[in-house]
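Structure record follows, encoded as structure tokens.
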Amino acid sequence: MYRNLIIILFLTLLPVSGNAQAVRNGNSLSAVEFSQKLDQTKDAQLVDVRTPGEFRNGHLKSALNIDWKSDDFAEKAAALDKNKPVFLYCMSGPRSTAAAAKLQDMGFKTIYDMQGGMMKWRNADLPEVKVSASAGMSLTQYNELLKSGTPVLVDFYAEWCAPCKKMEPYLRKIAAEMPDRIKVVRINADENTELCKALDVSALPVLKLYKNNTLIWDYLGFIEEMELKKRILN
């Protein structure tokens, strides 16, 4: 009993993390709230913390691209004005959350982080600027992929998505071991933004299982190999 009490007291005395502090202060905003706050804020500094390739596939107007995973992130971020509001976003949320915590440590006063990133922004049909001319796969082309004599498992992934990378090896193994039972199709969400929007794919990873051209199972998030195999073989 006393041991549990000590643990509870210890946890309550722990400092609030950067992300929790942002949430507590109301600075973690939905895509719509982020858009509204950005429009209302004078001298806003808008930063896209994704890779340059992701940025070219579509970004918010007037956004500055500072890649969170680049070695010079802190150096480039230091050029921003610490006394003016900073608005951060990535593709689905984790990178901008980490960047927000870093900027807090660097002494930035006001930071707004978009929940769900560009995937939620696109899902809300908000405007973006596209530099890349690639439109990606159309919905018609996608539906053609589903026309198969065997069930089709579609994996929506991205190179920056950690769970996607963890699932990739056994998805490839399943495709190689069970070609007569399942057809595995992997679709890069960054390169097929319009398709993701049409199919309401607003977070990753997403698995969709089709049989006779009909969706029979839809799953968001990481799934273990054996659990996935059971779903396929059912």
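Simple scheme: letters A, B, ... for chains in structure tokens order, numbers from 1 for residues in each chain, numbers from 1 for ligands in the order shown.
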Find the residues around Leu146 in chain A up to 10 Å (only C-alpha atoms counted), leave out those fewer than 2 positions away in its own chain, and share them as a PyMOL selection string.
chain A and resi 141-144+148-154+183+185+209-215
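Considering only range 42-137 of chain A, backbone DSSP assigns strand (DSSP E) to Gln45, Leu46, Val47, Asp48, Leu64, Asn65, Val86, Phe87, Leu88, Tyr89, Ile111, Tyr112, Asp113 and Met114 of chain A.
The residue that comes closest to Lys197 in chain A, out of A:Trp160, A:Met137, A:Glu227, A:Asp180 and on the basis of only C-alpha atoms, is A:Met137.
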Shortest interatomic distance to Ala198 in chain A - which of A:Ala124, A:Val184, A:Cys90, A:Leu233, counting only C-alpha atoms
A:Ala124
Enumerate, in order of chain and increasing residue number, the residues of range 90-184 of chain A with an atom no farther than 12 Å from range 55-69 of chain A, each with its shortest atom pair and distance in Å to one decimal, counting only C-alpha atoms, as JSON lines.
```
{"residue": "A:Cys90", "atom": "CA", "partner": "A:Trp68", "partner_atom": "CA", "distance": 9.0}
{"residue": "A:Met91", "atom": "CA", "partner": "A:Phe55", "partner_atom": "CA", "distance": 9.5}
{"residue": "A:Gly93", "atom": "CA", "partner": "A:Trp68", "partner_atom": "CA", "distance": 11.9}
{"residue": "A:Pro94", "atom": "CA", "partner": "A:Trp68", "partner_atom": "CA", "distance": 10.4}
{"residue": "A:Arg95", "atom": "CA", "partner": "A:Trp68", "partner_atom": "CA", "distance": 6.6}
{"residue": "A:Ser96", "atom": "CA", "partner": "A:Trp68", "partner_atom": "CA", "distance": 7.8}
{"residue": "A:Thr97", "atom": "CA", "partner": "A:Trp68", "partner_atom": "CA", "distance": 10.2}
{"residue": "A:Ala98", "atom": "CA", "partner": "A:Trp68", "partner_atom": "CA", "distance": 8.3}
{"residue": "A:Ala99", "atom": "CA", "partner": "A:Trp68", "partner_atom": "CA", "distance": 6.5}
{"residue": "A:Ala100", "atom": "CA", "partner": "A:Trp68", "partner_atom": "CA", "distance": 10.2}
{"residue": "A:Ala101", "atom": "CA", "partner": "A:Trp68", "partner_atom": "CA", "distance": 11.6}
{"residue": "A:Lys102", "atom": "CA", "partner": "A:Trp68", "partner_atom": "CA", "distance": 9.8}
{"residue": "A:Leu103", "atom": "CA", "partner": "A:Trp68", "partner_atom": "CA", "distance": 11.1}
{"residue": "A:Met114", "atom": "CA", "partner": "A:Leu60", "partner_atom": "CA", "distance": 11.9}
{"residue": "A:Gly117", "atom": "CA", "partner": "A:His59", "partner_atom": "CA", "distance": 10.4}
{"residue": "A:Met118", "atom": "CA", "partner": "A:His59", "partner_atom": "CA", "distance": 7.7}
{"residue": "A:Met119", "atom": "CA", "partner": "A:Gly58", "partner_atom": "CA", "distance": 10.8}
{"residue": "A:Trp121", "atom": "CA", "partner": "A:Leu60", "partner_atom": "CA", "distance": 9.3}
{"residue": "A:Arg122", "atom": "CA", "partner": "A:Gly58", "partner_atom": "CA", "distance": 9.7}
{"residue": "A:Leu126", "atom": "CA", "partner": "A:Leu60", "partner_atom": "CA", "distance": 9.1}
{"residue": "A:Pro127", "atom": "CA", "partner": "A:Leu60", "partner_atom": "CA", "distance": 7.2}
{"residue": "A:Glu128", "atom": "CA", "partner": "A:Leu60", "partner_atom": "CA", "distance": 4.9}
{"residue": "A:Val129", "atom": "CA", "partner": "A:His59", "partner_atom": "CA", "distance": 5.3}
{"residue": "A:Lys130", "atom": "CA", "partner": "A:Gly58", "partner_atom": "CA", "distance": 4.2}
{"residue": "A:Val131", "atom": "CA", "partner": "A:Arg56", "partner_atom": "CA", "distance": 4.8}
{"residue": "A:Ser132", "atom": "CA", "partner": "A:Asn57", "partner_atom": "CA", "distance": 5.2}
{"residue": "A:Ala133", "atom": "CA", "partner": "A:Asn57", "partner_atom": "CA", "distance": 8.2}
{"residue": "A:Ser134", "atom": "CA", "partner": "A:Asn57", "partner_atom": "CA", "distance": 7.9}
{"residue": "A:Ala135", "atom": "CA", "partner": "A:Asn57", "partner_atom": "CA", "distance": 8.9}
{"residue": "A:Gly136", "atom": "CA", "partner": "A:Asn57", "partner_atom": "CA", "distance": 9.9}
{"residue": "A:Trp160", "atom": "CA", "partner": "A:Lys69", "partner_atom": "CA", "distance": 9.6}
```
Residues near Asp43 in chain A, cut-off 10 Å, only C-alpha atoms, skip fewer than 5 positions along chain, as a PyMOL selection string:
chain A and resi 38+81+83-86
Go ahead and write the residues just picked, all heavy atoms, as an mmCIF file, in the first residue's frame.
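File written: again20.cif
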```cif
data_model
loop_
_atom_site.group_PDB
_atom_site.id
_atom_site.type_symbol
_atom_site.label_atom_id
_atom_site.label_comp_id
_atom_site.auth_asym_id
_atom_site.auth_seq_id
_atom_site.Cartn_x
_atom_site.Cartn_y
_atom_site.Cartn_z
ATOM 1 N N LEU A 38 -4.356 29.896 -37.469
ATOM 2 C CA LEU A 38 -3.316 30.411 -38.363
ATOM 3 C C LEU A 38 -3.785 31.677 -39.066
ATOM 4 O O LEU A 38 -3.044 32.659 -39.178
ATOM 5 C CB LEU A 38 -2.946 29.329 -39.382
ATOM 6 C CG LEU A 38 -1.792 29.614 -40.343
ATOM 7 C CD1 LEU A 38 -0.496 29.832 -39.573
ATOM 8 C CD2 LEU A 38 -1.631 28.444 -41.313
ATOM 9 N N ASP A 81 11.927 33.395 -35.075
ATOM 10 C CA ASP A 81 11.789 34.351 -33.971
ATOM 11 C C ASP A 81 11.107 33.662 -32.788
ATOM 12 O O ASP A 81 9.952 33.238 -32.889
ATOM 13 C CB ASP A 81 10.959 35.559 -34.438
ATOM 14 C CG ASP A 81 10.976 36.713 -33.446
ATOM 15 O OD1 ASP A 81 11.117 36.450 -32.233
ATOM 16 O OD2 ASP A 81 10.833 37.867 -33.877
ATOM 17 N N ASN A 83 9.932 34.848 -30.160
ATOM 18 C CA ASN A 83 8.859 35.632 -29.550
ATOM 19 C C ASN A 83 7.586 35.679 -30.394
ATOM 20 O O ASN A 83 6.591 36.253 -29.975
ATOM 21 C CB ASN A 83 9.351 37.056 -29.280
ATOM 22 C CG ASN A 83 10.471 37.077 -28.250
ATOM 23 O OD1 ASN A 83 10.340 36.500 -27.172
ATOM 24 N ND2 ASN A 83 11.573 37.735 -28.590
ATOM 25 N N LYS A 84 7.654 35.085 -31.590
ATOM 26 C CA LYS A 84 6.472 35.043 -32.459
ATOM 27 C C LYS A 84 5.919 33.618 -32.505
ATOM 28 O O LYS A 84 6.679 32.650 -32.398
ATOM 29 C CB LYS A 84 6.832 35.517 -33.864
ATOM 30 C CG LYS A 84 7.219 36.992 -33.925
ATOM 31 C CD LYS A 84 7.581 37.412 -35.341
ATOM 32 C CE LYS A 84 7.976 38.889 -35.390
ATOM 33 N NZ LYS A 84 8.353 39.327 -36.760
ATOM 34 N N PRO A 85 4.599 33.467 -32.664
ATOM 35 C CA PRO A 85 3.986 32.125 -32.669
ATOM 36 C C PRO A 85 4.525 31.244 -33.786
ATOM 37 O O PRO A 85 4.740 31.712 -34.917
ATOM 38 C CB PRO A 85 2.494 32.421 -32.889
ATOM 39 C CG PRO A 85 2.321 33.839 -32.459
ATOM 40 C CD PRO A 85 3.601 34.538 -32.817
ATOM 41 N N VAL A 86 4.748 29.972 -33.463
ATOM 42 C CA VAL A 86 5.194 28.987 -34.443
ATOM 43 C C VAL A 86 4.100 27.929 -34.608
ATOM 44 O O VAL A 86 3.610 27.376 -33.622
ATOM 45 C CB VAL A 86 6.505 28.301 -34.001
ATOM 46 C CG1 VAL A 86 6.930 27.259 -35.039
ATOM 47 C CG2 VAL A 86 7.609 29.333 -33.817
#
```
Once DSSP has gone over the backbone, tell me which residues of range 151-194 of chain A are in alpha helix (DSSP H), as a ChimeraX atom specification.
/A:162-177,193-194
Prev. selection, N, CA, C and O atoms, output as an mmCIF file, in the first residue's frame:
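Listing of selection30.cif after writing:
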```cif
data_model
loop_
_atom_site.group_PDB
_atom_site.id
_atom_site.type_symbol
_atom_site.label_atom_id
_atom_site.label_comp_id
_atom_site.auth_asym_id
_atom_site.auth_seq_id
_atom_site.Cartn_x
_atom_site.Cartn_y
_atom_site.Cartn_z
ATOM 1 N N ALA A 162 6.924 4.445 -38.641
ATOM 2 C CA ALA A 162 7.631 3.362 -37.945
ATOM 3 C C ALA A 162 6.862 2.041 -37.948
ATOM 4 O O ALA A 162 7.442 0.982 -38.244
ATOM 5 N N PRO A 163 5.559 2.037 -37.613
ATOM 6 C CA PRO A 163 4.817 0.765 -37.658
ATOM 7 C C PRO A 163 4.774 0.168 -39.068
ATOM 8 O O PRO A 163 4.808 -1.051 -39.228
ATOM 9 N N CYS A 164 4.712 1.043 -40.080
ATOM 10 C CA CYS A 164 4.706 0.569 -41.474
ATOM 11 C C CYS A 164 5.999 -0.189 -41.776
ATOM 12 O O CYS A 164 5.975 -1.261 -42.398
ATOM 13 N N LYS A 165 7.127 0.362 -41.340
ATOM 14 C CA LYS A 165 8.422 -0.272 -41.577
ATOM 15 C C LYS A 165 8.517 -1.606 -40.849
ATOM 16 O O LYS A 165 9.101 -2.569 -41.353
ATOM 17 N N LYS A 166 7.937 -1.668 -39.667
ATOM 18 C CA LYS A 166 7.970 -2.897 -38.880
ATOM 19 C C LYS A 166 7.138 -3.997 -39.538
ATOM 20 O O LYS A 166 7.466 -5.188 -39.460
ATOM 21 N N MET A 167 6.052 -3.618 -40.204
ATOM 22 C CA MET A 167 5.162 -4.577 -40.847
ATOM 23 C C MET A 167 5.634 -5.006 -42.234
ATOM 24 O O MET A 167 5.272 -6.085 -42.710
ATOM 25 N N GLU A 168 6.440 -4.173 -42.899
ATOM 26 C CA GLU A 168 6.835 -4.436 -44.286
ATOM 27 C C GLU A 168 7.455 -5.817 -44.513
ATOM 28 O O GLU A 168 7.053 -6.521 -45.453
ATOM 29 N N PRO A 169 8.430 -6.268 -43.684
ATOM 30 C CA PRO A 169 9.065 -7.569 -43.959
ATOM 31 C C PRO A 169 8.090 -8.737 -43.985
ATOM 32 O O PRO A 169 8.152 -9.584 -44.882
ATOM 33 N N TYR A 170 7.159 -8.789 -43.018
ATOM 34 C CA TYR A 170 6.258 -9.944 -43.024
ATOM 35 C C TYR A 170 5.118 -9.793 -44.033
ATOM 36 O O TYR A 170 4.545 -10.784 -44.471
ATOM 37 N N LEU A 171 4.824 -8.570 -44.457
ATOM 38 C CA LEU A 171 3.856 -8.406 -45.547
ATOM 39 C C LEU A 171 4.452 -8.956 -46.847
ATOM 40 O O LEU A 171 3.765 -9.630 -47.620
ATOM 41 N N ARG A 172 5.724 -8.670 -47.062
ATOM 42 C CA ARG A 172 6.401 -9.206 -48.243
ATOM 43 C C ARG A 172 6.518 -10.728 -48.160
ATOM 44 O O ARG A 172 6.393 -11.431 -49.172
ATOM 45 N N LYS A 173 6.751 -11.243 -46.962
ATOM 46 C CA LYS A 173 6.865 -12.688 -46.768
ATOM 47 C C LYS A 173 5.530 -13.370 -47.032
ATOM 48 O O LYS A 173 5.472 -14.416 -47.690
ATOM 49 N N ILE A 174 4.454 -12.786 -46.540
ATOM 50 C CA ILE A 174 3.114 -13.342 -46.771
ATOM 51 C C ILE A 174 2.808 -13.381 -48.262
ATOM 52 O O ILE A 174 2.272 -14.357 -48.784
ATOM 53 N N ALA A 175 3.160 -12.292 -48.973
ATOM 54 C CA ALA A 175 2.916 -12.233 -50.420
ATOM 55 C C ALA A 175 3.677 -13.334 -51.149
ATOM 56 O O ALA A 175 3.163 -13.933 -52.108
ATOM 57 N N ALA A 176 4.912 -13.609 -50.689
ATOM 58 C CA ALA A 176 5.736 -14.629 -51.346
ATOM 59 C C ALA A 176 5.301 -16.047 -50.986
ATOM 60 O O ALA A 176 5.352 -16.957 -51.819
ATOM 61 N N GLU A 177 4.854 -16.257 -49.750
ATOM 62 C CA GLU A 177 4.501 -17.592 -49.273
ATOM 63 C C GLU A 177 3.084 -18.023 -49.655
ATOM 64 O O GLU A 177 2.798 -19.209 -49.747
ATOM 65 N N THR A 193 -1.862 11.007 -52.531
ATOM 66 C CA THR A 193 -2.639 11.805 -51.578
ATOM 67 C C THR A 193 -4.117 11.894 -51.938
ATOM 68 O O THR A 193 -4.983 11.852 -51.059
ATOM 69 N N GLU A 194 -4.430 12.020 -53.221
ATOM 70 C CA GLU A 194 -5.828 12.136 -53.631
ATOM 71 C C GLU A 194 -6.571 10.819 -53.406
ATOM 72 O O GLU A 194 -7.741 10.801 -53.013
#
```
Could you check how far CA of Asn188 in chain A sits from CA of Arg231 in chain A, in Å to one decimal?
22.6 Å
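Computed from the coordinates, the CA of Asp190 in chain A to CA of Thr140 in chain A distance equals 18.5 Å.
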Nearby residues (only C-alpha atoms) at most 8 Å from Arg186 in chain A, same-chain spacing under 4 positions excluded, as JSON, numbers by chain:
{"A": [154, 155, 156, 157]}
Atoms to include: N, CA and C atoms. Write the selected residues as an mmCIF file, in the first residue's frame.
```cif
data_model
loop_
_atom_site.group_PDB
_atom_site.id
_atom_site.type_symbol
_atom_site.label_atom_id
_atom_site.label_comp_id
_atom_site.auth_asym_id
_atom_site.auth_seq_id
_atom_site.Cartn_x
_atom_site.Cartn_y
_atom_site.Cartn_z
ATOM 1 N N VAL A 154 -4.646 -4.630 -49.241
ATOM 2 C CA VAL A 154 -4.010 -3.358 -49.587
ATOM 3 C C VAL A 154 -3.389 -2.761 -48.327
ATOM 4 N N ASP A 155 -2.119 -2.419 -48.435
ATOM 5 C CA ASP A 155 -1.368 -1.830 -47.323
ATOM 6 C C ASP A 155 -1.021 -0.386 -47.671
ATOM 7 N N PHE A 156 -1.615 0.582 -46.956
ATOM 8 C CA PHE A 156 -1.274 1.986 -47.124
ATOM 9 C C PHE A 156 -0.154 2.315 -46.133
ATOM 10 N N TYR A 157 0.975 2.780 -46.654
ATOM 11 C CA TYR A 157 2.151 2.979 -45.816
ATOM 12 C C TYR A 157 2.853 4.285 -46.191
#
```
